[in-house]
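Enquirer: Starting off with a structure, shown below.
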Amino acid sequence: MKRNEWHPIKDCDDLWVGQYIVPNFAANSVAYRVRDNDWIIVSPGASLLRAWQEKWPDFKGKMQLVMPNAYHYMGVAAWQQAFPQATLHASQKAAARLEKKGLPGIFTLEDSPLDLPDCDAVLIPPGHRGGDAWLVINQKNKRLWITCDSFLNYDRLSNQPVARALQRLLGTAPGLRIGEVIRWFIIDERRTFKHWVLAKLQEQGPHTLIPGHGEVHYGPQLAEELTALVKKRL
């Protein structure tokens, strides 16, 4: 995926993903046009702002900026400056941490739900120290999950020496992964999270996954792949 550009998602109208760099690692932003000219931006990356403005120069609607956990907030200030009327959203656990970092006025997803189409949903996984929030989008008989840091999907090891060494040490690449940092530091109630996510995969497993880091994963066997991964790693 070419960085600092927006790429359409297969089988999902009005949904785009863009990749930006945080120190040593690639991260993903998601832009979702929920209706007319109203948008949700998940994990907004500062370096993707200009490309978004150039692609949609006539924006005059509502914008909801979602911080999908307490660690995905670095680009929010740039987007707020460009769109002062945008609202901030995060889970209760993430909002408590983010407000201490100088981001007041956050609407908590549990108390003030996102303005989403009726067929979509927000999931709040239990057992996350950073307060992960996932989006579930249903279109054309396909289900897509946006899962922030719970899963990783780097298609290869990095060419950057430091990042490459860290990926090997932490088990974050290549392929669909649950890395060591997530296992030991981000998921603080592993058994609770494991039982919850296995139930969700059985009830409403996805055809497409957009992780917080790495490439979009497509495939009819995705739910089975994630189930096997969770059982093995957790």
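Naming scheme: A, B, ... for chains in displayed order of the structure tokens; residues 1 onward per chain; ligands 1 onward as shown.
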With 12 Å as the cut-off and only C-alpha atoms counted, what is the closest atom pair between each nearby residue of segment 99-185 of chain A and segment 215-228 of chain A? Distances in Å to one decimal, ordered by chain and number, as a Markdown table.

Expert:
| residue | atom | partner | partner_atom | distance |
| --- | --- | --- | --- | --- |
| A:Asn141 | CA | A:Pro220 | CA | 11.9 |
| A:Lys142 | CA | A:Pro220 | CA | 9.6 |
| A:Arg143 | CA | A:Pro220 | CA | 10.4 |
| A:Leu144 | CA | A:Tyr218 | CA | 9.2 |
| A:Trp145 | CA | A:His217 | CA | 10.0 |
| A:Ile146 | CA | A:Val216 | CA | 9.6 |
| A:Thr147 | CA | A:Val216 | CA | 11.0 |
| A:Cys148 | CA | A:Val216 | CA | 11.9 |
| A:Ser150 | CA | A:Leu226 | CA | 10.9 |
| A:Phe151 | CA | A:Leu226 | CA | 8.8 |
| A:Leu152 | CA | A:Glu215 | CA | 8.1 |
| A:Asn153 | CA | A:Glu215 | CA | 5.4 |
| A:Tyr154 | CA | A:Glu215 | CA | 5.8 |
| A:Asp155 | CA | A:Glu215 | CA | 6.6 |
| A:Arg156 | CA | A:Glu215 | CA | 9.9 |
| A:Ala173 | CA | A:Glu215 | CA | 11.1 |
| A:Pro174 | CA | A:Glu215 | CA | 10.5 |
| A:Gly175 | CA | A:Glu215 | CA | 9.0 |
| A:Leu176 | CA | A:Leu226 | CA | 8.1 |
| A:Arg177 | CA | A:Leu226 | CA | 8.9 |
| A:Ile178 | CA | A:Leu226 | CA | 9.7 |

Enquirer: If DSSP is run on the backbone, what residues of segment 19-197 of chain A are helix (DSSP H, G or I)? A reply as an MDAnalysis selection string would be ideal.

Expert: chainID A and resid 46:55 76:82 92:100 161:170 180:186 190:197

Enquirer: Could you save those same residues with N, CA and C atoms as a compact mmCIF listing (two decimals), in the first residue's frame?

Expert:
# COMPACT_ATOMS: atom_id res chain seq x y z
N ALA A 46 -1.77 12.42 10.58
CA ALA A 46 -1.54 13.80 10.15
C ALA A 46 -1.07 13.88 8.70
N SER A 47 -0.23 12.94 8.28
CA SER A 47 0.32 13.01 6.92
C SER A 47 -0.70 12.63 5.86
N LEU A 48 -1.87 12.13 6.26
CA LEU A 48 -2.93 11.79 5.31
C LEU A 48 -3.94 12.92 5.15
N LEU A 49 -3.82 13.96 5.96
CA LEU A 49 -4.81 15.04 5.94
C LEU A 49 -4.85 15.75 4.59
N ARG A 50 -3.70 16.14 4.09
CA ARG A 50 -3.67 16.87 2.82
C ARG A 50 -4.27 16.05 1.69
N ALA A 51 -3.94 14.77 1.63
CA ALA A 51 -4.48 13.92 0.58
C ALA A 51 -6.00 13.81 0.69
N TRP A 52 -6.51 13.78 1.92
CA TRP A 52 -7.96 13.71 2.12
C TRP A 52 -8.62 15.00 1.63
N GLN A 53 -8.03 16.14 1.97
CA GLN A 53 -8.59 17.42 1.54
C GLN A 53 -8.57 17.56 0.02
N GLU A 54 -7.52 17.05 -0.62
CA GLU A 54 -7.44 17.13 -2.07
C GLU A 54 -8.44 16.18 -2.74
N LYS A 55 -8.69 15.05 -2.12
CA LYS A 55 -9.60 14.06 -2.71
C LYS A 55 -11.06 14.46 -2.52
N VAL A 76 -4.49 13.58 15.59
CA VAL A 76 -5.78 14.22 15.85
C VAL A 76 -5.68 15.74 15.84
N ALA A 77 -4.64 16.29 16.40
CA ALA A 77 -4.52 17.76 16.49
C ALA A 77 -4.54 18.40 15.10
N ALA A 78 -3.85 17.78 14.13
CA ALA A 78 -3.83 18.34 12.78
C ALA A 78 -5.21 18.31 12.16
N TRP A 79 -5.97 17.24 12.36
CA TRP A 79 -7.31 17.15 11.80
C TRP A 79 -8.27 18.11 12.50
N GLN A 80 -8.09 18.28 13.80
CA GLN A 80 -8.92 19.25 14.52
C GLN A 80 -8.67 20.67 14.04
N GLN A 81 -7.42 20.99 13.77
CA GLN A 81 -7.10 22.32 13.27
C GLN A 81 -7.73 22.55 11.91
N ALA A 82 -7.73 21.54 11.06
CA ALA A 82 -8.32 21.67 9.73
C ALA A 82 -9.84 21.67 9.78
N GLN A 92 -14.51 4.48 26.75
CA GLN A 92 -14.37 5.09 28.07
C GLN A 92 -12.95 4.94 28.62
N LYS A 93 -12.39 3.75 28.48
CA LYS A 93 -11.06 3.51 29.02
C LYS A 93 -10.02 4.35 28.27
N ALA A 94 -10.13 4.43 26.94
CA ALA A 94 -9.19 5.23 26.16
C ALA A 94 -9.37 6.72 26.45
N ALA A 95 -10.62 7.16 26.55
CA ALA A 95 -10.90 8.59 26.78
C ALA A 95 -10.28 9.06 28.08
N ALA A 96 -10.34 8.25 29.13
CA ALA A 96 -9.76 8.63 30.42
C ALA A 96 -8.26 8.89 30.29
N ARG A 97 -7.57 8.07 29.51
CA ARG A 97 -6.13 8.26 29.29
C ARG A 97 -5.85 9.45 28.37
N LEU A 98 -6.66 9.59 27.33
CA LEU A 98 -6.42 10.65 26.34
C LEU A 98 -6.68 12.04 26.90
N GLU A 99 -7.64 12.16 27.79
CA GLU A 99 -7.91 13.47 28.39
C GLU A 99 -6.72 13.93 29.24
N LYS A 100 -6.01 13.00 29.82
CA LYS A 100 -4.80 13.35 30.58
C LYS A 100 -3.67 13.81 29.65
N PRO A 161 16.26 -1.26 9.47
CA PRO A 161 16.91 -2.22 10.37
C PRO A 161 16.32 -2.28 11.78
N VAL A 162 16.03 -1.13 12.37
CA VAL A 162 15.49 -1.13 13.74
C VAL A 162 14.11 -1.77 13.76
N ALA A 163 13.25 -1.35 12.82
CA ALA A 163 11.90 -1.91 12.77
C ALA A 163 11.94 -3.41 12.49
N ARG A 164 12.84 -3.83 11.60
CA ARG A 164 12.95 -5.25 11.26
C ARG A 164 13.35 -6.07 12.48
N ALA A 165 14.32 -5.58 13.23
CA ALA A 165 14.76 -6.28 14.44
C ALA A 165 13.63 -6.37 15.46
N LEU A 166 12.89 -5.28 15.62
CA LEU A 166 11.78 -5.27 16.57
C LEU A 166 10.68 -6.22 16.12
N GLN A 167 10.38 -6.24 14.83
CA GLN A 167 9.36 -7.16 14.34
C GLN A 167 9.71 -8.61 14.63
N ARG A 168 10.97 -8.95 14.43
CA ARG A 168 11.40 -10.32 14.71
C ARG A 168 11.33 -10.63 16.20
N LEU A 169 11.81 -9.68 17.00
CA LEU A 169 11.82 -9.89 18.45
C LEU A 169 10.41 -10.02 19.01
N LEU A 170 9.50 -9.20 18.50
CA LEU A 170 8.16 -9.12 19.07
C LEU A 170 7.13 -9.97 18.33
N GLU A 180 3.78 -9.96 20.59
CA GLU A 180 4.09 -10.11 22.01
C GLU A 180 3.68 -8.89 22.83
N VAL A 181 3.84 -7.69 22.27
CA VAL A 181 3.42 -6.48 23.01
C VAL A 181 1.94 -6.54 23.30
N ILE A 182 1.15 -6.94 22.32
CA ILE A 182 -0.30 -7.04 22.51
C ILE A 182 -0.62 -8.10 23.55
N ARG A 183 0.03 -9.24 23.44
CA ARG A 183 -0.25 -10.35 24.37
C ARG A 183 0.07 -9.98 25.81
N TRP A 184 1.22 -9.33 26.03
CA TRP A 184 1.70 -9.15 27.39
C TRP A 184 1.43 -7.78 27.99
N PHE A 185 1.20 -6.77 27.16
CA PHE A 185 1.06 -5.42 27.70
C PHE A 185 -0.26 -4.74 27.37
N ILE A 186 -0.83 -5.02 26.20
CA ILE A 186 -2.07 -4.33 25.82
C ILE A 186 -3.29 -5.11 26.29
N ARG A 190 -6.36 -11.61 29.48
CA ARG A 190 -6.24 -12.41 28.26
C ARG A 190 -7.39 -13.40 28.09
N ARG A 191 -7.75 -14.09 29.15
CA ARG A 191 -8.80 -15.11 29.03
C ARG A 191 -10.14 -14.47 28.70
N THR A 192 -10.43 -13.32 29.32
CA THR A 192 -11.69 -12.62 29.04
C THR A 192 -11.75 -12.19 27.58
N PHE A 193 -10.65 -11.59 27.09
CA PHE A 193 -10.61 -11.17 25.69
C PHE A 193 -10.74 -12.36 24.76
N LYS A 194 -10.03 -13.43 25.06
CA LYS A 194 -10.06 -14.61 24.19
C LYS A 194 -11.47 -15.16 24.04
N HIS A 195 -12.18 -15.35 25.15
CA HIS A 195 -13.53 -15.90 25.07
C HIS A 195 -14.46 -14.96 24.32
N TRP A 196 -14.30 -13.67 24.55
CA TRP A 196 -15.15 -12.68 23.88
C TRP A 196 -14.92 -12.69 22.37
N VAL A 197 -13.65 -12.63 21.94
CA VAL A 197 -13.39 -12.53 20.50
C VAL A 197 -13.74 -13.83 19.78

Enquirer: Step one, run DSSP on the backbone; step two, keep only residues of segment 11-73 of chain A assigned to strand (DSSP E); then write them as a list in words.

Expert: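 The residues of segment 11-73 of chain A classed as strand (DSSP E) are Leu15, Trp16, Val17, Gly18, Gln19, Tyr20, Ile21, Val22, Phe25, Ala26, Ala27, Asn28, Ser29, Val30, Ala31, Tyr32, Arg33, Val34, Arg35, Asp38, Trp39, Ile40, Ile41, Val42, Met63, Gln64, Leu65 and Val66 of chain A.
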
Enquirer: What is the distance, in Å and to one decimal place, between atom CA of Lys2 of chain A and atom CA of Ile40 of chain A?

Expert: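 About the pair atom CA of Lys2 of chain A and atom CA of Ile40 of chain A: they are 21.4 Å apart.
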
Enquirer: Please identify every residue of segment 84-203 of chain A that has at least one atom no farther than 7 Å from an atom of segment 60-69 of chain A, counting only C-alpha atoms, and for each give the shortest atom pair and the distance in Å to one decimal, arranged by chain then increasing number, as a tab-separated table.

Expert:
residue	atom	partner	partner_atom	distance
A:Ala86	CA	A:Met63	CA	4.9
A:Thr87	CA	A:Gln64	CA	5.0
A:Leu88	CA	A:Leu65	CA	5.0
A:His89	CA	A:Val66	CA	4.7
A:Ala90	CA	A:Met67	CA	5.2
A:Ala94	CA	A:Asn69	CA	5.3
A:Gly130	CA	A:Asn69	CA	5.5
A:Gly131	CA	A:Asn69	CA	5.0
A:Asp132	CA	A:Asn69	CA	4.5
A:Ala133	CA	A:Pro68	CA	4.9
A:Trp134	CA	A:Pro68	CA	6.9
A:Cys148	CA	A:Pro68	CA	6.1

Enquirer: Give the answer as one residue: which of A:Asp120, A:Gly105, A:Gln139, A:Glu110 has the shortest atom-to-atom distance to Gln85 of chain A, using only C-alpha atoms?

Expert: A:Gly105

Enquirer: Tell me which of A:Asp149, A:Leu123, A:Met74, A:Lys140 sits closest to Gly212 of chain A, counting only C-alpha atoms.

Expert: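 The shortest atom-to-atom distance to Gly212 of chain A comes from A:Asp149.
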
Enquirer: Per residue of segment 30-68 of chain A within 7 Å of segment 7-26 of chain A, note the shortest atom pair and the distance in Å to one decimal, counting only C-alpha atoms, and order the rows by chain and increasing residue number, as a Markdown table.

Expert:
| residue | atom | partner | partner_atom | distance |
| --- | --- | --- | --- | --- |
| A:Val30 | CA | A:Val17 | CA | 4.5 |
| A:Ala31 | CA | A:Trp16 | CA | 5.1 |
| A:Tyr32 | CA | A:Leu15 | CA | 4.6 |
| A:Arg33 | CA | A:Asp14 | CA | 5.1 |
| A:Gly45 | CA | A:Tyr20 | CA | 6.1 |
| A:Ser47 | CA | A:Tyr20 | CA | 6.4 |
| A:Leu48 | CA | A:Tyr20 | CA | 6.8 |

Enquirer: Output N, CA and C atoms for every residue in the selection just made, as a PDB file, in the first residue's frame.

Expert:
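See again.pdb below for the written result:
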ATOM      1  N   VAL A  30      -8.581   5.008   8.536  1.00  0.00           N
ATOM      2  CA  VAL A  30      -9.726   4.593   7.739  1.00  0.00           C
ATOM      3  C   VAL A  30     -10.677   5.767   7.602  1.00  0.00           C
ATOM      4  N   ALA A  31     -11.120   6.034   6.374  1.00  0.00           N
ATOM      5  CA  ALA A  31     -12.105   7.080   6.095  1.00  0.00           C
ATOM      6  C   ALA A  31     -13.389   6.409   5.617  1.00  0.00           C
ATOM      7  N   TYR A  32     -14.489   6.698   6.300  1.00  0.00           N
ATOM      8  CA  TYR A  32     -15.774   6.061   6.009  1.00  0.00           C
ATOM      9  C   TYR A  32     -16.812   7.150   5.787  1.00  0.00           C
ATOM     10  N   ARG A  33     -17.330   7.237   4.567  1.00  0.00           N
ATOM     11  CA  ARG A  33     -18.405   8.181   4.266  1.00  0.00           C
ATOM     12  C   ARG A  33     -19.714   7.493   4.620  1.00  0.00           C
ATOM     13  N   GLY A  45      -4.321   9.993  10.653  1.00  0.00           N
ATOM     14  CA  GLY A  45      -2.890  10.274  10.533  1.00  0.00           C
ATOM     15  C   GLY A  45      -2.667  11.664   9.978  1.00  0.00           C
ATOM     16  N   SER A  47      -0.231  12.943   8.278  1.00  0.00           N
ATOM     17  CA  SER A  47       0.316  13.009   6.922  1.00  0.00           C
ATOM     18  C   SER A  47      -0.701  12.628   5.857  1.00  0.00           C
ATOM     19  N   LEU A  48      -1.866  12.125   6.263  1.00  0.00           N
ATOM     20  CA  LEU A  48      -2.930  11.791   5.313  1.00  0.00           C
ATOM     21  C   LEU A  48      -3.942  12.922   5.148  1.00  0.00           C
TER      22      LEU A  48
END

Enquirer: Just the number, please: distance in Å from atom CA of Ile187 of chain A to atom CA of Ser29 of chain A, one decimal.

Expert: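 Between atom CA of Ile187 of chain A and atom CA of Ser29 of chain A the gap works out to 21.8 Å.
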